[in-house]
Amino acid sequence: METKVNSSAKRTAIKVSLVAVISLLLLIPLAMIMGVIEDREETKDAVTEEVANSYAKPQTVSAPYLVSYVVETKTVDKKIEPSGKQTYVEDYNSYCSQVDYTADVETDVLHRSIYDVIVYNSKVKISGKLPITEKSVIARDNEFRFKLTDIKGFSNPSLLTFGGQTFEFLRQSEEFVANVVFPKGAKAGDVIDFAFTFDLKGTESLFFKPSRDGNTTVAISSSYPHPSFQGAMLPNTREVKDDGFNATWSVSSFNSSSYDDMGVKFVDPANPYQQSMRSAKYGMLIIILVFVAGLFVEFLTRKEINPIQYAVIGLSLVLFYSLLVAFSEFMTFGVAYIIAALMTTGALMFYFRAILKSRSAYVLGGFVAVVYALNYMLLQMETYALLAGSVVLFLLLCVVMYLTANMNNNKELAKTE
């Protein structure tokens, strides 16, 4: 009898070892599926870039500044210039002491093949204060300048109001320039108020750069309900609702040079590739849980599932992720997940029934369904996914410990008999 028990224990150990090897081998097709997901996401990114090149790229608006062209004189060798003096034009930059950005953004979705790209059209107002420097007072010309990432998205500019006068913007290379004149009697140390508006198109994100030497405020509002606030500084205030958001930033002159762009990215919450990838990262865990459940069914029912059948079960569980990403490209992720889970669970249910030929097949199939349901719950819990997943794993471990606690007692009972 002892020989029989030892033989049974060896068979169990061999079976567990084979199942473990199969689990490790399944990492290969699982990695291939994850590679497919990454390739599809890269294709979507390429389509987004293609749309951006045609519509307008993600925009970053830089703070205005003043370029003063001053005629200066330097002493030179009389062999070069008989008068001994040579004149030349030097340019000096001066920056705003205050810049206020306001943007009202309306988003839209452009469709290219099976992909959706978020674009926007915004009404932008820039106002602020610009100090007059000694160089700008004596300058031959003063140019008020600002620039964007993609000037293709720029349209409908208003006249620049500058010190109570109005000036027209002209395009110069990659910038917009207005030749300005100071009000009569202006002197160094005075501050000039300015303001102008324009329409700005872009793709996926809108950012603003702070003034180099001054205070900066940014106020962005939109009816889009899924903003991602990004940049070196997050908003001082924000309000996100189902019907849109409002956000404001404020940077003082003391730390403006330490901050880069501030703004928002319009996130697609239904991005199927990010969610599919997150789901696939739980793939090995699901395979192990189902295999452990299969081993317990074998132990409790004395019905055998051979290693080849475990491999087929594992491949079915891996194929789920291929179905998921394929369906999610044509429908919402939740619906795609339900369809892929039902197809996989249904196929495995019939397979378990053919293998076990008992009601335990339905229990095992139900376990697969529960695992997929738990996985979906974890995907919806972005903030608490790790906590919830760890608790679930701990509870499952407790169940395994309870069910395996009496295995040695069963062996001793078998020896006695």
# chains A, B, ... in the order shown; residues from 1 in each chain; ligands from 1
>>> residues_around(residues="A:Tyr310", least_positions_apart="6", cutoff="9 Å", atoms="only C-alpha atoms", output="tab-separated table (two decimals) with C-alpha atoms, in the first residue's frame")
chain	number	residue	atom	x	y	z
A	19	VAL	CA	1.67	22.04	-15.67
A	22	ILE	CA	3.34	24.49	-19.71
A	23	SER	CA	2.55	27.72	-17.84
A	291	PHE	CA	-4.55	25.57	-13.96
A	294	GLY	CA	-7.99	22.24	-12.81
>>> residues_around(residues="stretch 150-161 of chain A", least_positions_apart="6", cutoff="12 Å", atoms="only C-alpha atoms", output="MDAnalysis selection string")
chainID A and resid 52:62 64 119:129 143:144 167:183 192:203 206
>>> write_last_selection(atoms="C-alpha atoms", output="compact mmCIF listing (two decimals), in the first residue's frame")
# COMPACT_ATOMS: atom_id res chain seq x y z
CA ALA A 52 -2.01 66.11 -37.07
CA ASN A 53 0.14 66.87 -40.10
CA SER A 54 -3.00 67.57 -42.12
CA TYR A 55 -5.11 69.29 -39.45
CA ALA A 56 -2.66 70.83 -36.97
CA LYS A 57 -0.14 69.36 -34.54
CA PRO A 58 -0.36 69.45 -30.74
CA GLN A 59 0.03 73.13 -29.94
CA THR A 60 2.28 75.00 -27.53
CA VAL A 61 1.80 78.78 -27.34
CA SER A 62 4.87 80.75 -26.28
CA PRO A 64 5.11 87.19 -26.31
CA VAL A 119 -8.77 67.38 -32.43
CA TYR A 120 -9.82 70.80 -31.14
CA ASN A 121 -10.54 74.37 -32.11
CA SER A 122 -9.97 76.97 -29.43
CA LYS A 123 -10.54 80.66 -28.88
CA VAL A 124 -7.36 82.04 -27.34
CA LYS A 125 -6.83 85.43 -25.72
CA ILE A 126 -3.41 86.68 -24.65
CA SER A 127 -3.06 89.83 -22.59
CA GLY A 128 -0.51 91.27 -20.22
CA LYS A 129 2.04 93.94 -19.49
CA GLU A 143 8.77 94.15 -32.96
CA PHE A 144 6.17 92.43 -30.78
CA PHE A 167 -1.26 96.98 -34.95
CA GLU A 168 -1.54 94.15 -37.44
CA PHE A 169 0.25 90.82 -37.11
CA LEU A 170 2.31 89.52 -40.03
CA ARG A 171 3.85 86.10 -40.39
CA GLN A 172 7.64 86.06 -40.34
CA SER A 173 9.19 82.63 -40.69
CA GLU A 174 7.75 80.57 -37.78
CA GLU A 175 6.60 83.58 -35.74
CA PHE A 176 3.92 86.26 -35.85
CA VAL A 177 5.25 89.80 -35.73
CA ALA A 178 3.69 93.24 -35.23
CA ASN A 179 5.81 96.36 -35.71
CA VAL A 180 4.76 98.49 -32.75
CA VAL A 181 5.24 102.12 -31.76
CA PHE A 182 5.18 103.34 -28.16
CA PRO A 183 2.64 105.97 -27.13
CA ILE A 192 2.55 98.93 -21.78
CA ASP A 193 -0.72 96.95 -21.68
CA PHE A 194 -1.38 94.63 -24.61
CA ALA A 195 -4.07 92.18 -25.73
CA PHE A 196 -5.04 90.14 -28.79
CA THR A 197 -7.10 87.09 -29.70
CA PHE A 198 -7.00 84.35 -32.32
CA ASP A 199 -8.42 80.93 -33.20
CA LEU A 200 -6.15 77.93 -32.76
CA LYS A 201 -6.61 74.39 -34.05
CA GLY A 202 -4.61 71.42 -32.82
CA THR A 203 -4.53 67.71 -32.09
CA LEU A 206 -2.76 72.36 -25.80
>>> select_by_dssp(residues="stretch 213-364 of chain A", states="alpha helix (DSSP H)", output="PyMOL selection string")
chain A and resi 272-280+283-301+307-328+333-356+360-364
>>> select_by_dssp(residues="stretch 59-297 of chain A", states="strand (DSSP E or B)", output="MDAnalysis selection string")
chainID A and resid 59:61 65:75 85:95 98:112 115:131 141:147 154:155 160:162 165:167 170:172 175:180 191:203 205:208 215:222 227:231 237:241 244:251 262:266
>>> write_last_selection(atoms="C-alpha atoms", output="short mmCIF file (atom, residue, chain, number, x, y, z; two decimals), in the first residue's frame")
data_model
loop_
_atom_site.label_atom_id
_atom_site.label_comp_id
_atom_site.auth_asym_id
_atom_site.auth_seq_id
_atom_site.Cartn_x
_atom_site.Cartn_y
_atom_site.Cartn_z
CA GLN A 59 0.03 73.13 -29.94
CA THR A 60 2.28 75.00 -27.53
CA VAL A 61 1.80 78.78 -27.34
CA TYR A 65 8.28 89.25 -26.17
CA LEU A 66 9.66 92.45 -27.68
CA VAL A 67 12.66 92.64 -30.01
CA SER A 68 14.28 96.10 -30.15
CA TYR A 69 16.67 96.89 -33.01
CA VAL A 70 19.19 99.47 -31.84
CA VAL A 71 21.67 101.23 -34.13
CA GLU A 72 25.03 101.19 -32.39
CA THR A 73 28.50 102.47 -33.23
CA LYS A 74 31.87 100.90 -32.57
CA THR A 75 35.43 102.09 -33.18
CA LYS A 85 33.62 104.34 -36.71
CA GLN A 86 31.25 101.68 -37.95
CA THR A 87 27.53 101.43 -37.31
CA TYR A 88 25.60 98.22 -36.97
CA VAL A 89 22.18 97.06 -35.71
CA GLU A 90 21.99 95.06 -32.50
CA ASP A 91 18.79 93.36 -31.36
CA TYR A 92 17.71 93.22 -27.69
CA ASN A 93 14.91 91.10 -26.26
CA SER A 94 12.64 92.22 -23.44
CA TYR A 95 10.03 90.02 -21.80
CA GLN A 98 2.70 89.72 -16.83
CA VAL A 99 1.08 87.30 -19.30
CA ASP A 100 -2.49 86.05 -19.03
CA TYR A 101 -3.69 83.21 -21.28
CA THR A 102 -7.36 82.31 -21.69
CA ALA A 103 -8.50 79.42 -23.89
CA ASP A 104 -12.01 78.15 -24.58
CA VAL A 105 -11.64 74.76 -26.28
CA GLU A 106 -14.12 72.77 -28.33
CA THR A 107 -13.10 69.22 -29.25
CA ASP A 108 -14.08 66.95 -32.11
CA VAL A 109 -13.24 63.41 -33.23
CA LEU A 110 -11.86 62.71 -36.69
CA HIS A 111 -12.13 59.16 -38.04
CA ARG A 112 -9.33 57.64 -40.10
CA TYR A 115 -9.04 54.87 -35.57
CA ASP A 116 -10.38 57.97 -33.80
CA VAL A 117 -8.25 61.09 -33.34
CA ILE A 118 -9.19 63.90 -30.95
CA VAL A 119 -8.77 67.38 -32.43
CA TYR A 120 -9.82 70.80 -31.14
CA ASN A 121 -10.54 74.37 -32.11
CA SER A 122 -9.97 76.97 -29.43
CA LYS A 123 -10.54 80.66 -28.88
CA VAL A 124 -7.36 82.04 -27.34
CA LYS A 125 -6.83 85.43 -25.72
CA ILE A 126 -3.41 86.68 -24.65
CA SER A 127 -3.06 89.83 -22.59
CA GLY A 128 -0.51 91.27 -20.22
CA LYS A 129 2.04 93.94 -19.49
CA LEU A 130 5.37 94.73 -21.14
CA PRO A 131 7.90 97.06 -19.50
CA ASP A 141 12.29 99.45 -34.66
CA ASN A 142 10.39 97.45 -32.05
CA GLU A 143 8.77 94.15 -32.96
CA PHE A 144 6.17 92.43 -30.78
CA ARG A 145 6.53 88.67 -31.38
CA PHE A 146 5.03 85.34 -30.38
CA LYS A 147 5.08 81.84 -31.82
CA PHE A 154 -3.56 79.76 -36.50
CA SER A 155 -6.47 81.78 -37.88
CA LEU A 160 -2.90 93.76 -31.43
CA THR A 161 -3.92 96.38 -28.90
CA PHE A 162 -0.64 97.83 -27.62
CA GLN A 165 -2.97 101.70 -30.31
CA THR A 166 -3.69 98.85 -32.72
CA PHE A 167 -1.26 96.98 -34.95
CA LEU A 170 2.31 89.52 -40.03
CA ARG A 171 3.85 86.10 -40.39
CA GLN A 172 7.64 86.06 -40.34
CA GLU A 175 6.60 83.58 -35.74
CA PHE A 176 3.92 86.26 -35.85
CA VAL A 177 5.25 89.80 -35.73
CA ALA A 178 3.69 93.24 -35.23
CA ASN A 179 5.81 96.36 -35.71
CA VAL A 180 4.76 98.49 -32.75
CA VAL A 191 4.58 99.55 -18.61
CA ILE A 192 2.55 98.93 -21.78
CA ASP A 193 -0.72 96.95 -21.68
CA PHE A 194 -1.38 94.63 -24.61
CA ALA A 195 -4.07 92.18 -25.73
CA PHE A 196 -5.04 90.14 -28.79
CA THR A 197 -7.10 87.09 -29.70
CA PHE A 198 -7.00 84.35 -32.32
CA ASP A 199 -8.42 80.93 -33.20
CA LEU A 200 -6.15 77.93 -32.76
CA LYS A 201 -6.61 74.39 -34.05
CA GLY A 202 -4.61 71.42 -32.82
CA THR A 203 -4.53 67.71 -32.09
CA SER A 205 -3.03 68.62 -26.49
CA LEU A 206 -2.76 72.36 -25.80
CA PHE A 207 0.07 73.90 -23.75
CA PHE A 208 1.28 77.39 -22.83
CA ASN A 215 4.01 86.38 -13.71
CA THR A 216 1.86 84.05 -15.80
CA THR A 217 -1.72 82.84 -15.50
CA VAL A 218 -3.44 80.24 -17.66
CA ALA A 219 -7.18 79.54 -17.74
CA ILE A 220 -8.50 76.69 -19.91
CA SER A 221 -12.14 75.64 -20.18
CA SER A 222 -13.71 72.98 -22.37
CA PRO A 227 -8.66 66.02 -19.44
CA SER A 228 -5.16 65.01 -18.38
CA PHE A 229 -3.38 68.00 -16.86
CA GLN A 230 0.29 67.82 -17.68
CA GLY A 231 3.50 69.82 -17.65
CA THR A 237 -7.54 75.01 -9.32
CA ARG A 238 -9.48 72.50 -11.37
CA GLU A 239 -13.05 71.37 -11.77
CA VAL A 240 -13.84 68.31 -13.87
CA LYS A 241 -17.45 67.32 -14.52
CA GLY A 244 -16.45 69.53 -19.21
CA PHE A 245 -13.70 71.09 -17.13
CA ASN A 246 -12.15 74.35 -15.97
CA ALA A 247 -8.53 74.67 -14.86
CA THR A 248 -6.27 77.57 -13.91
CA TRP A 249 -2.51 77.88 -13.41
CA SER A 250 -0.58 80.70 -11.78
CA VAL A 251 3.22 81.10 -11.90
CA MET A 262 1.51 74.05 -18.67
CA GLY A 263 -1.59 72.63 -20.26
CA VAL A 264 -3.90 69.74 -20.96
CA LYS A 265 -3.99 66.58 -23.01
CA PHE A 266 -7.40 65.41 -24.23
#
>>> residues_around(residues="A:Val335", least_positions_apart="5", cutoff="12 Å", atoms="only C-alpha atoms", output="number ranges by chain")
A: 270, 272, 323-330, 340-342, 376
>>> closest_residue(among="A:Val290, A:Val21, A:Met32, A:Ile305", to="A:Arg353", atoms="only C-alpha atoms")
A:Ile305
>>> closest_residue(among="A:Lys135, A:Lys187, A:Arg212, A:His226", to="A:Val267", atoms="only C-alpha atoms")
A:His226
>>> closest_residue(among="A:Ile313, A:Leu374, A:Ile114, A:Val363", to="A:Thr344", atoms="only C-alpha atoms")
A:Ile313
>>> atom_distance(atom1="atom CA of A:Lys303", atom2="atom CA of A:Leu356")
6.0 Å
>>> closest_residue(among="A:Tyr362, A:Phe296, A:Tyr273, A:Tyr321", to="A:Ala31", atoms="only C-alpha atoms")
A:Tyr321
>>> closest_residue(among="A:Leu295, A:Ile286, A:Leu30, A:Ile138", to="A:Lys15", atoms="only C-alpha atoms")
A:Leu295
>>> closest_residue(among="A:Val47, A:Val297, A:Leu317, A:Val312", to="A:Gly283", atoms="only C-alpha atoms")
A:Leu317
>>> atom_distance(atom1="atom CA of A:Ile287", atom2="atom CA of A:Thr332")
25.0 Å
>>> atom_distance(atom1="atom CA of A:Gly189", atom2="atom CA of A:Glu134")
7.9 Å
>>> decode(residues="stretch 120-263 of chain A", atoms="C-alpha atoms", output="PDB file, in the first residue's frame")
ATOM      1  CA  TYR A 120      -9.819  70.796 -31.141  1.00  0.00           C
ATOM      2  CA  ASN A 121     -10.542  74.371 -32.113  1.00  0.00           C
ATOM      3  CA  SER A 122      -9.970  76.970 -29.430  1.00  0.00           C
ATOM      4  CA  LYS A 123     -10.543  80.663 -28.882  1.00  0.00           C
ATOM      5  CA  VAL A 124      -7.358  82.043 -27.343  1.00  0.00           C
ATOM      6  CA  LYS A 125      -6.832  85.433 -25.721  1.00  0.00           C
ATOM      7  CA  ILE A 126      -3.411  86.675 -24.651  1.00  0.00           C
ATOM      8  CA  SER A 127      -3.064  89.826 -22.595  1.00  0.00           C
ATOM      9  CA  GLY A 128      -0.514  91.273 -20.218  1.00  0.00           C
ATOM     10  CA  LYS A 129       2.038  93.943 -19.487  1.00  0.00           C
ATOM     11  CA  LEU A 130       5.371  94.728 -21.141  1.00  0.00           C
ATOM     12  CA  PRO A 131       7.902  97.064 -19.504  1.00  0.00           C
ATOM     13  CA  ILE A 132       9.687  99.668 -21.649  1.00  0.00           C
ATOM     14  CA  THR A 133      13.462  99.358 -21.481  1.00  0.00           C
ATOM     15  CA  GLU A 134      16.122 101.943 -22.257  1.00  0.00           C
ATOM     16  CA  LYS A 135      17.085 100.008 -25.374  1.00  0.00           C
ATOM     17  CA  SER A 136      13.518  99.885 -26.675  1.00  0.00           C
ATOM     18  CA  VAL A 137      13.147 103.687 -26.250  1.00  0.00           C
ATOM     19  CA  ILE A 138      16.133 104.427 -28.512  1.00  0.00           C
ATOM     20  CA  ALA A 139      15.492 101.515 -30.891  1.00  0.00           C
ATOM     21  CA  ARG A 140      15.087 102.023 -34.598  1.00  0.00           C
ATOM     22  CA  ASP A 141      12.290  99.446 -34.662  1.00  0.00           C
ATOM     23  CA  ASN A 142      10.386  97.449 -32.050  1.00  0.00           C
ATOM     24  CA  GLU A 143       8.765  94.149 -32.957  1.00  0.00           C
ATOM     25  CA  PHE A 144       6.172  92.428 -30.782  1.00  0.00           C
ATOM     26  CA  ARG A 145       6.533  88.671 -31.383  1.00  0.00           C
ATOM     27  CA  PHE A 146       5.030  85.343 -30.378  1.00  0.00           C
ATOM     28  CA  LYS A 147       5.079  81.839 -31.819  1.00  0.00           C
ATOM     29  CA  LEU A 148       3.209  78.532 -31.938  1.00  0.00           C
ATOM     30  CA  THR A 149       4.181  74.930 -32.543  1.00  0.00           C
ATOM     31  CA  ASP A 150       2.219  74.683 -35.791  1.00  0.00           C
ATOM     32  CA  ILE A 151       1.218  77.928 -37.501  1.00  0.00           C
ATOM     33  CA  LYS A 152      -1.126  75.943 -39.735  1.00  0.00           C
ATOM     34  CA  GLY A 153      -3.614  75.947 -36.878  1.00  0.00           C
ATOM     35  CA  PHE A 154      -3.558  79.759 -36.496  1.00  0.00           C
ATOM     36  CA  SER A 155      -6.473  81.776 -37.884  1.00  0.00           C
ATOM     37  CA  ASN A 156      -8.717  84.837 -37.385  1.00  0.00           C
ATOM     38  CA  PRO A 157      -6.246  86.999 -35.453  1.00  0.00           C
ATOM     39  CA  SER A 158      -7.492  90.267 -34.049  1.00  0.00           C
ATOM     40  CA  LEU A 159      -5.448  93.439 -34.211  1.00  0.00           C
ATOM     41  CA  LEU A 160      -2.899  93.760 -31.434  1.00  0.00           C
ATOM     42  CA  THR A 161      -3.921  96.378 -28.896  1.00  0.00           C
ATOM     43  CA  PHE A 162      -0.644  97.830 -27.616  1.00  0.00           C
ATOM     44  CA  GLY A 163      -0.565 100.917 -25.393  1.00  0.00           C
ATOM     45  CA  GLY A 164      -3.929 102.138 -26.652  1.00  0.00           C
ATOM     46  CA  GLN A 165      -2.966 101.699 -30.312  1.00  0.00           C
ATOM     47  CA  THR A 166      -3.693  98.846 -32.715  1.00  0.00           C
ATOM     48  CA  PHE A 167      -1.260  96.985 -34.947  1.00  0.00           C
ATOM     49  CA  GLU A 168      -1.544  94.150 -37.437  1.00  0.00           C
ATOM     50  CA  PHE A 169       0.251  90.816 -37.112  1.00  0.00           C
ATOM     51  CA  LEU A 170       2.309  89.523 -40.027  1.00  0.00           C
ATOM     52  CA  ARG A 171       3.848  86.099 -40.390  1.00  0.00           C
ATOM     53  CA  GLN A 172       7.640  86.063 -40.344  1.00  0.00           C
ATOM     54  CA  SER A 173       9.187  82.631 -40.686  1.00  0.00           C
ATOM     55  CA  GLU A 174       7.750  80.573 -37.781  1.00  0.00           C
ATOM     56  CA  GLU A 175       6.600  83.582 -35.744  1.00  0.00           C
ATOM     57  CA  PHE A 176       3.918  86.257 -35.847  1.00  0.00           C
ATOM     58  CA  VAL A 177       5.247  89.801 -35.727  1.00  0.00           C
ATOM     59  CA  ALA A 178       3.687  93.236 -35.231  1.00  0.00           C
ATOM     60  CA  ASN A 179       5.814  96.364 -35.712  1.00  0.00           C
ATOM     61  CA  VAL A 180       4.760  98.491 -32.755  1.00  0.00           C
ATOM     62  CA  VAL A 181       5.242 102.125 -31.764  1.00  0.00           C
ATOM     63  CA  PHE A 182       5.177 103.341 -28.160  1.00  0.00           C
ATOM     64  CA  PRO A 183       2.636 105.967 -27.129  1.00  0.00           C
ATOM     65  CA  LYS A 184       3.869 109.554 -27.312  1.00  0.00           C
ATOM     66  CA  GLY A 185       5.809 110.475 -24.191  1.00  0.00           C
ATOM     67  CA  ALA A 186       6.584 106.861 -23.214  1.00  0.00           C
ATOM     68  CA  LYS A 187       9.847 106.442 -21.344  1.00  0.00           C
ATOM     69  CA  ALA A 188      11.978 103.695 -19.884  1.00  0.00           C
ATOM     70  CA  GLY A 189      10.319 102.135 -16.861  1.00  0.00           C
ATOM     71  CA  ASP A 190       6.770 102.619 -18.132  1.00  0.00           C
ATOM     72  CA  VAL A 191       4.581  99.554 -18.615  1.00  0.00           C
ATOM     73  CA  ILE A 192       2.549  98.925 -21.776  1.00  0.00           C
ATOM     74  CA  ASP A 193      -0.722  96.948 -21.677  1.00  0.00           C
ATOM     75  CA  PHE A 194      -1.376  94.633 -24.610  1.00  0.00           C
ATOM     76  CA  ALA A 195      -4.071  92.182 -25.729  1.00  0.00           C
ATOM     77  CA  PHE A 196      -5.041  90.140 -28.789  1.00  0.00           C
ATOM     78  CA  THR A 197      -7.099  87.088 -29.700  1.00  0.00           C
ATOM     79  CA  PHE A 198      -7.000  84.351 -32.323  1.00  0.00           C
ATOM     80  CA  ASP A 199      -8.416  80.926 -33.196  1.00  0.00           C
ATOM     81  CA  LEU A 200      -6.152  77.932 -32.760  1.00  0.00           C
ATOM     82  CA  LYS A 201      -6.606  74.387 -34.051  1.00  0.00           C
ATOM     83  CA  GLY A 202      -4.609  71.424 -32.822  1.00  0.00           C
ATOM     84  CA  THR A 203      -4.530  67.714 -32.089  1.00  0.00           C
ATOM     85  CA  GLU A 204      -4.783  66.022 -28.692  1.00  0.00           C
ATOM     86  CA  SER A 205      -3.031  68.623 -26.486  1.00  0.00           C
ATOM     87  CA  LEU A 206      -2.757  72.364 -25.804  1.00  0.00           C
ATOM     88  CA  PHE A 207       0.067  73.900 -23.754  1.00  0.00           C
ATOM     89  CA  PHE A 208       1.275  77.386 -22.826  1.00  0.00           C
ATOM     90  CA  LYS A 209       4.755  78.592 -21.907  1.00  0.00           C
ATOM     91  CA  PRO A 210       5.181  81.044 -19.011  1.00  0.00           C
ATOM     92  CA  SER A 211       6.817  84.431 -19.399  1.00  0.00           C
ATOM     93  CA  ARG A 212      10.546  84.259 -18.897  1.00  0.00           C
ATOM     94  CA  ASP A 213      10.752  87.190 -16.484  1.00  0.00           C
ATOM     95  CA  GLY A 214       7.215  87.725 -15.206  1.00  0.00           C
ATOM     96  CA  ASN A 215       4.010  86.381 -13.714  1.00  0.00           C
ATOM     97  CA  THR A 216       1.864  84.046 -15.799  1.00  0.00           C
ATOM     98  CA  THR A 217      -1.720  82.842 -15.495  1.00  0.00           C
ATOM     99  CA  VAL A 218      -3.440  80.241 -17.656  1.00  0.00           C
ATOM    100  CA  ALA A 219      -7.183  79.537 -17.741  1.00  0.00           C
ATOM    101  CA  ILE A 220      -8.497  76.695 -19.907  1.00  0.00           C
ATOM    102  CA  SER A 221     -12.136  75.640 -20.183  1.00  0.00           C
ATOM    103  CA  SER A 222     -13.710  72.982 -22.374  1.00  0.00           C
ATOM    104  CA  SER A 223     -16.751  70.763 -22.720  1.00  0.00           C
ATOM    105  CA  TYR A 224     -14.444  67.729 -22.947  1.00  0.00           C
ATOM    106  CA  PRO A 225     -14.877  65.560 -19.821  1.00  0.00           C
ATOM    107  CA  HIS A 226     -11.588  63.607 -19.875  1.00  0.00           C
ATOM    108  CA  PRO A 227      -8.658  66.021 -19.443  1.00  0.00           C
ATOM    109  CA  SER A 228      -5.162  65.010 -18.378  1.00  0.00           C
ATOM    110  CA  PHE A 229      -3.382  68.005 -16.861  1.00  0.00           C
ATOM    111  CA  GLN A 230       0.294  67.817 -17.677  1.00  0.00           C
ATOM    112  CA  GLY A 231       3.496  69.819 -17.649  1.00  0.00           C
ATOM    113  CA  ALA A 232       5.997  70.867 -15.018  1.00  0.00           C
ATOM    114  CA  MET A 233       3.200  72.429 -12.947  1.00  0.00           C
ATOM    115  CA  LEU A 234      -0.314  71.127 -12.297  1.00  0.00           C
ATOM    116  CA  PRO A 235      -3.315  73.488 -12.095  1.00  0.00           C
ATOM    117  CA  ASN A 236      -3.806  75.590  -8.975  1.00  0.00           C
ATOM    118  CA  THR A 237      -7.535  75.009  -9.319  1.00  0.00           C
ATOM    119  CA  ARG A 238      -9.475  72.504 -11.366  1.00  0.00           C
ATOM    120  CA  GLU A 239     -13.050  71.368 -11.769  1.00  0.00           C
ATOM    121  CA  VAL A 240     -13.837  68.312 -13.874  1.00  0.00           C
ATOM    122  CA  LYS A 241     -17.447  67.323 -14.519  1.00  0.00           C
ATOM    123  CA  ASP A 242     -19.350  65.158 -16.985  1.00  0.00           C
ATOM    124  CA  ASP A 243     -20.030  68.232 -19.103  1.00  0.00           C
ATOM    125  CA  GLY A 244     -16.448  69.532 -19.213  1.00  0.00           C
ATOM    126  CA  PHE A 245     -13.700  71.090 -17.128  1.00  0.00           C
ATOM    127  CA  ASN A 246     -12.145  74.345 -15.968  1.00  0.00           C
ATOM    128  CA  ALA A 247      -8.534  74.672 -14.861  1.00  0.00           C
ATOM    129  CA  THR A 248      -6.269  77.571 -13.915  1.00  0.00           C
ATOM    130  CA  TRP A 249      -2.515  77.876 -13.408  1.00  0.00           C
ATOM    131  CA  SER A 250      -0.577  80.699 -11.785  1.00  0.00           C
ATOM    132  CA  VAL A 251       3.218  81.101 -11.900  1.00  0.00           C
ATOM    133  CA  SER A 252       5.048  83.956 -10.197  1.00  0.00           C
ATOM    134  CA  SER A 253       8.057  85.812 -11.554  1.00  0.00           C
ATOM    135  CA  PHE A 254      10.213  84.223  -8.836  1.00  0.00           C
ATOM    136  CA  ASN A 255       9.904  80.736 -10.269  1.00  0.00           C
ATOM    137  CA  SER A 256       8.680  81.208 -13.833  1.00  0.00           C
ATOM    138  CA  SER A 257      12.065  80.235 -15.273  1.00  0.00           C
ATOM    139  CA  SER A 258      11.916  76.881 -13.472  1.00  0.00           C
ATOM    140  CA  TYR A 259       8.631  75.858 -15.082  1.00  0.00           C
ATOM    141  CA  ASP A 260       8.106  74.573 -18.561  1.00  0.00           C
ATOM    142  CA  ASP A 261       4.856  74.141 -20.472  1.00  0.00           C
ATOM    143  CA  MET A 262       1.513  74.046 -18.673  1.00  0.00           C
ATOM    144  CA  GLY A 263      -1.591  72.631 -20.257  1.00  0.00           C
TER     145      GLY A 263
END
